[in-house]
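One structure is given below, encoded as structure tokens.
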Amino acid sequence: MKPRVVVTGAGVIAPNGNGLADFELALRKGLSGIRRHEKMAELGFASCVAGVPQGVDELAASAFDEDLLRAMNSSHRYAALASLEAWRDAGLRVPAAGEDSVDWDTGAVIGTGIGGMDTTGERVVPLTDTGKVRRLGSTAVEQVMASGVSARVGGILALGNQVTTNSSACSTGAEAIAIAAERIRRGDAKRMLAGGAEGASHYIWSGFDAMRVLCRTHNDAPERASRPMSASACGFVAASGAGILMLESLESARQRGVAIRAELVGAAVNCGGQRGGGSMTAPNPEGVRRCIRAALADAGVAPSEIGAINGHLTATGADPREIESWAAALDAKPGRLPPITSTKSMIGHALGAAGAIEAVACVLMLQGGFVHPSINCEDVHPEIAPHGASIPHQLRELPGLEVVVKAGFGFGDVNICLVFRKWHA
Amino acid sequence: MTKSEIFDRVVKILTPYVKNQEALASVSEKTHILDELKVNSARLVDVVLEFEDAFDIEIADEDVDSVETVGNAVELIEAKLG
């Protein structure tokens, strides 16, 4: 039998709360972390709002020494802080920098959608273009290499198992969890830190603004700008942060006697082939449905057992198609779709970190027995309205919540679906 | 600028990169930058850039090869300052 995979730790840096306690409180309250972004406004972006975690430099300064900090751009800081929280939450001791022992049983799959674009935009391009290559110093490469986020964490925690970065656009963070779980299931690792991080940079967001996929109607009302499932949804809100889970084999967790937060019972990834309505930027609905069904089959969970769905739901025109796909995949008639919520309604779309931050939300909802509100959709989109009763406009206390499903879809027509089950100690 | 002033500024620049605080506490001109202070060798290029900025000098890549101890760095900077 394949090893069972449980969640023994979690960590989060999110626009509406850093750390599990603050993040859960924000989720329960329906607290938006979207703020006006002065740099975007100054540069003439059509969208001038963003989700940026607050107070991170202060947190980083208290956690890392000066030498490290000089080589940590925003995505590194988010990834490392969330990983440290997940590590400690899992009851593990943070090794000192001078210690030589390596943890050969623990690895990390920490993804990023775009990579260190703040470093690229602020240092690599201007210094290279003005002939000052030498001034880049030694820290540019480690901040712009795609694997920088996982490499940084691997070094801080002396990880000796696989340490790598995946990238699959907006499904990255959740995909990392599926990849890491598979490694534990194969018996190749006891523990894997898994998740994603995305930096805060106008260089990341400018291309999305040019595509006209960012919300440009609520620059003066940032907290109402992220409007998944609403009739007035007109684009997502750019965001950043990190979410990390400590995945562990059940056997290892029991041997260590550590508290278990939830079980990851199933996962699936696929691609819609950019056919059948799918493209670089839109999902093939058949791919989405297959992915959801495959994850449920992997988990051995029937649609009727699902207590809540944490959707991809970004607040673009794709939301109604996503709801259609959920209903079709679960064979759910209007009124029968499980409660479906969008964490992005509060934090915006953290791209490569989104699925991971939202997976942390799923674990907290399972443990706390609640479904967080999906805010800013008082005006439910007419095509979603038949399923309107499934949208939690307010917090729903659900003490009997047993199964939460998380899906994510990314550019490239790639899909990911995770199935979490409540852990009964 | 006196040699001891240069030494103090060199140590101050090295400080954030030092992984062995004990060696830093008893630092002298003989202290080896990589072996004793445990500065990550990759970061030497950053240290050199800081020397250039702090002393308003230019240090060629081949000059750096001769720097092993704190004293070597001080002497190199002293020579550049003329």
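Simple scheme: letters A, B, ... for chains in structure tokens order, numbers from 1 for residues in each chain, numbers from 1 for ligands in the order shown.
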
Using only C-alpha atoms, which residues sit within 10 Å of A:Ala425 once same-chain residues fewer than 4 positions away are excluded, as a list in words?
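Once the nearby chain positions are removed, what remains is Ala259, Ile260, Arg261 and Ala262 of chain A.
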
I need the residues from that last selection saved to file as a PDB file, in the first residue's frame (with C-alpha atoms), if you can.
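Listing of out.pdb after writing:
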ATOM      1  CA  ALA A 259      -0.131  16.750  15.517  1.00  0.00           C
ATOM      2  CA  ILE A 260      -1.749  16.173  12.132  1.00  0.00           C
ATOM      3  CA  ARG A 261      -3.675  19.042  10.546  1.00  0.00           C
ATOM      4  CA  ALA A 262      -5.312  17.162   7.661  1.00  0.00           C
TER       5      ALA A 262
END

Selection near stretch 388-390 of chain A, 9 Å with only C-alpha atoms, sequence-local residues under 5 positions removed, as a list of chain:residue names:
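After dropping sequence-adjacent residues, the list is A:Pro334, A:Gly335, A:Arg336, A:Leu337, A:Pro338, A:Pro339, A:Ile340, A:Thr341, A:Val380, A:His381.
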
Produce a file of the selected residues containing C-alpha atoms, as a JSON list (two decimals), in the first residue's frame.
[["chain", "number", "residue", "atom", "x", "y", "z"],
["A", 334, "PRO", "CA", -28.35, 23.70, -9.37],
["A", 335, "GLY", "CA", -28.79, 23.77, -5.61],
["A", 336, "ARG", "CA", -26.71, 20.61, -5.18],
["A", 337, "LEU", "CA", -23.22, 22.03, -5.74],
["A", 338, "PRO", "CA", -21.21, 22.02, -2.47],
["A", 339, "PRO", "CA", -20.37, 25.43, -0.98],
["A", 340, "ILE", "CA", -17.85, 27.02, -3.34],
["A", 341, "THR", "CA", -15.62, 29.87, -2.25],
["A", 380, "VAL", "CA", -23.85, 37.05, -8.55],
["A", 381, "HIS", "CA", -23.08, 36.61, -12.24]]

Using only C-alpha atoms, which residues sit within 7 Å of stretch 76-92 of chain A once same-chain residues fewer than 4 positions away are excluded, as an MDAnalysis selection string?
chainID A and resid 8:13 60 72 149 152:153 197 241:246 258

Can you pull out every residue within 9 Å of stretch 211-217 of chain A, counting only C-alpha atoms, but drop anything in the same chain fewer than 5 positions away, and send it as a PyMOL selection string?
chain A and resi 45-49+205-206+225-227+233-238+315-316

Just the selected residues (N, CA and C atoms), exported as an mmCIF file, in the first residue's frame, please.
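What landed in out_35.cif:
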data_model
loop_
_atom_site.group_PDB
_atom_site.id
_atom_site.type_symbol
_atom_site.label_atom_id
_atom_site.label_comp_id
_atom_site.auth_asym_id
_atom_site.auth_seq_id
_atom_site.Cartn_x
_atom_site.Cartn_y
_atom_site.Cartn_z
ATOM 1 N N PHE A 45 -0.537 52.278 -15.012
ATOM 2 C CA PHE A 45 -1.255 51.013 -15.150
ATOM 3 C C PHE A 45 -2.757 51.301 -15.168
ATOM 4 N N ALA A 46 -3.501 50.507 -15.916
ATOM 5 C CA ALA A 46 -4.956 50.640 -15.864
ATOM 6 C C ALA A 46 -5.471 50.135 -14.522
ATOM 7 N N SER A 47 -4.838 49.094 -13.988
ATOM 8 C CA SER A 47 -5.190 48.579 -12.665
ATOM 9 C C SER A 47 -4.183 49.109 -11.655
ATOM 10 N N CYS A 48 -4.652 49.748 -10.624
ATOM 11 C CA CYS A 48 -3.755 50.366 -9.631
ATOM 12 C C CYS A 48 -3.996 49.795 -8.241
ATOM 13 N N VAL A 49 -4.400 48.535 -8.188
ATOM 14 C CA VAL A 49 -4.615 47.878 -6.897
ATOM 15 C C VAL A 49 -3.860 46.545 -6.919
ATOM 16 N N TRP A 205 3.555 42.347 -13.002
ATOM 17 C CA TRP A 205 2.141 42.616 -13.276
ATOM 18 C C TRP A 205 1.878 43.405 -14.559
ATOM 19 N N SER A 206 2.911 44.079 -15.115
ATOM 20 C CA SER A 206 2.667 44.946 -16.270
ATOM 21 C C SER A 206 2.122 44.161 -17.474
ATOM 22 N N ALA A 225 -12.211 45.351 -5.133
ATOM 23 C CA ALA A 225 -11.720 45.163 -6.508
ATOM 24 C C ALA A 225 -11.714 43.701 -6.955
ATOM 25 N N SER A 226 -11.490 42.788 -6.017
ATOM 26 C CA SER A 226 -11.436 41.375 -6.400
ATOM 27 C C SER A 226 -12.829 40.775 -6.242
ATOM 28 N N ARG A 227 -13.499 40.490 -7.386
ATOM 29 C CA ARG A 227 -14.924 40.210 -7.374
ATOM 30 C C ARG A 227 -15.285 38.883 -8.054
ATOM 31 N N ALA A 233 -17.552 41.394 -12.121
ATOM 32 C CA ALA A 233 -16.157 40.949 -12.207
ATOM 33 C C ALA A 233 -15.599 41.356 -13.561
ATOM 34 N N CYS A 234 -14.402 41.924 -13.571
ATOM 35 C CA CYS A 234 -13.855 42.340 -14.855
ATOM 36 C C CYS A 234 -12.356 42.137 -14.912
ATOM 37 N N GLY A 235 -11.862 41.217 -14.117
ATOM 38 C CA GLY A 235 -10.429 40.958 -14.135
ATOM 39 C C GLY A 235 -9.938 40.681 -12.741
ATOM 40 N N PHE A 236 -8.779 40.020 -12.673
ATOM 41 C CA PHE A 236 -8.267 39.678 -11.343
ATOM 42 C C PHE A 236 -7.414 40.798 -10.780
ATOM 43 N N VAL A 237 -7.127 40.706 -9.479
ATOM 44 C CA VAL A 237 -6.254 41.669 -8.814
ATOM 45 C C VAL A 237 -4.887 41.012 -8.610
ATOM 46 N N ALA A 238 -3.845 41.668 -9.087
ATOM 47 C CA ALA A 238 -2.486 41.128 -8.957
ATOM 48 C C ALA A 238 -2.124 40.998 -7.480
ATOM 49 N N ALA A 315 -12.022 35.966 -10.903
ATOM 50 C CA ALA A 315 -12.799 37.181 -11.205
ATOM 51 C C ALA A 315 -12.579 37.644 -12.639
ATOM 52 N N THR A 316 -12.396 36.690 -13.528
ATOM 53 C CA THR A 316 -12.394 37.012 -14.961
ATOM 54 C C THR A 316 -13.633 36.364 -15.573
#

Taking a cut-off of 6 Å and counting only C-alpha atoms, can you build a table that, for each residue of chain B near chain A, reports the nearest atom pair and how far apart they are in Å (one decimal), sorted by chain then residue number, as a tab-separated table?
residue	atom	partner	partner_atom	distance
B:Pro16	CA	A:Asp67	CA	5.5
B:Tyr17	CA	A:Asp67	CA	5.2
B:Arg43	CA	A:Ser138	CA	5.8
B:Val45	CA	A:Gly137	CA	5.7
B:Asp46	CA	A:Gly137	CA	5.1

Once you have the residues from the selection above, write them out as a PDB file, in the first residue's frame, restricted to N, CA and C atoms.
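Generated file (selection11.pdb):
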ATOM      1  N   PRO B  16      28.920  41.913   8.059  1.00  0.00           N
ATOM      2  CA  PRO B  16      27.648  41.221   7.729  1.00  0.00           C
ATOM      3  C   PRO B  16      27.854  39.876   7.039  1.00  0.00           C
ATOM      4  N   TYR B  17      29.042  39.668   6.446  1.00  0.00           N
ATOM      5  CA  TYR B  17      29.288  38.427   5.705  1.00  0.00           C
ATOM      6  C   TYR B  17      29.910  37.336   6.578  1.00  0.00           C
ATOM      7  N   ARG B  43      30.626  35.521  -2.055  1.00  0.00           N
ATOM      8  CA  ARG B  43      30.310  36.906  -1.667  1.00  0.00           C
ATOM      9  C   ARG B  43      31.510  37.851  -1.752  1.00  0.00           C
ATOM     10  N   VAL B  45      32.981  38.946  -4.254  1.00  0.00           N
ATOM     11  CA  VAL B  45      32.791  39.988  -5.283  1.00  0.00           C
ATOM     12  C   VAL B  45      31.969  41.159  -4.722  1.00  0.00           C
ATOM     13  N   ASP B  46      31.069  40.840  -3.794  1.00  0.00           N
ATOM     14  CA  ASP B  46      30.271  41.918  -3.179  1.00  0.00           C
ATOM     15  C   ASP B  46      31.124  42.738  -2.215  1.00  0.00           C
TER      16      ASP B  46
END

Residues within 10 Å of B:Asp61, only C-alpha atoms, excluding chain neighbours under 4 positions, as a PyMOL selection string
chain B and resi 45+48+65-66

Just the strand (DSSP E) stuff from stretch 260-307 of chain A, please, per backbone DSSP, written as a PyMOL selection string.
chain A and resi 262-271

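If you measure from each of B:Leu49, B:Asn20, B:Lys12, B:Thr2 to B:His32 using only C-alpha atoms, the closest one turns out to be B:Asn20.
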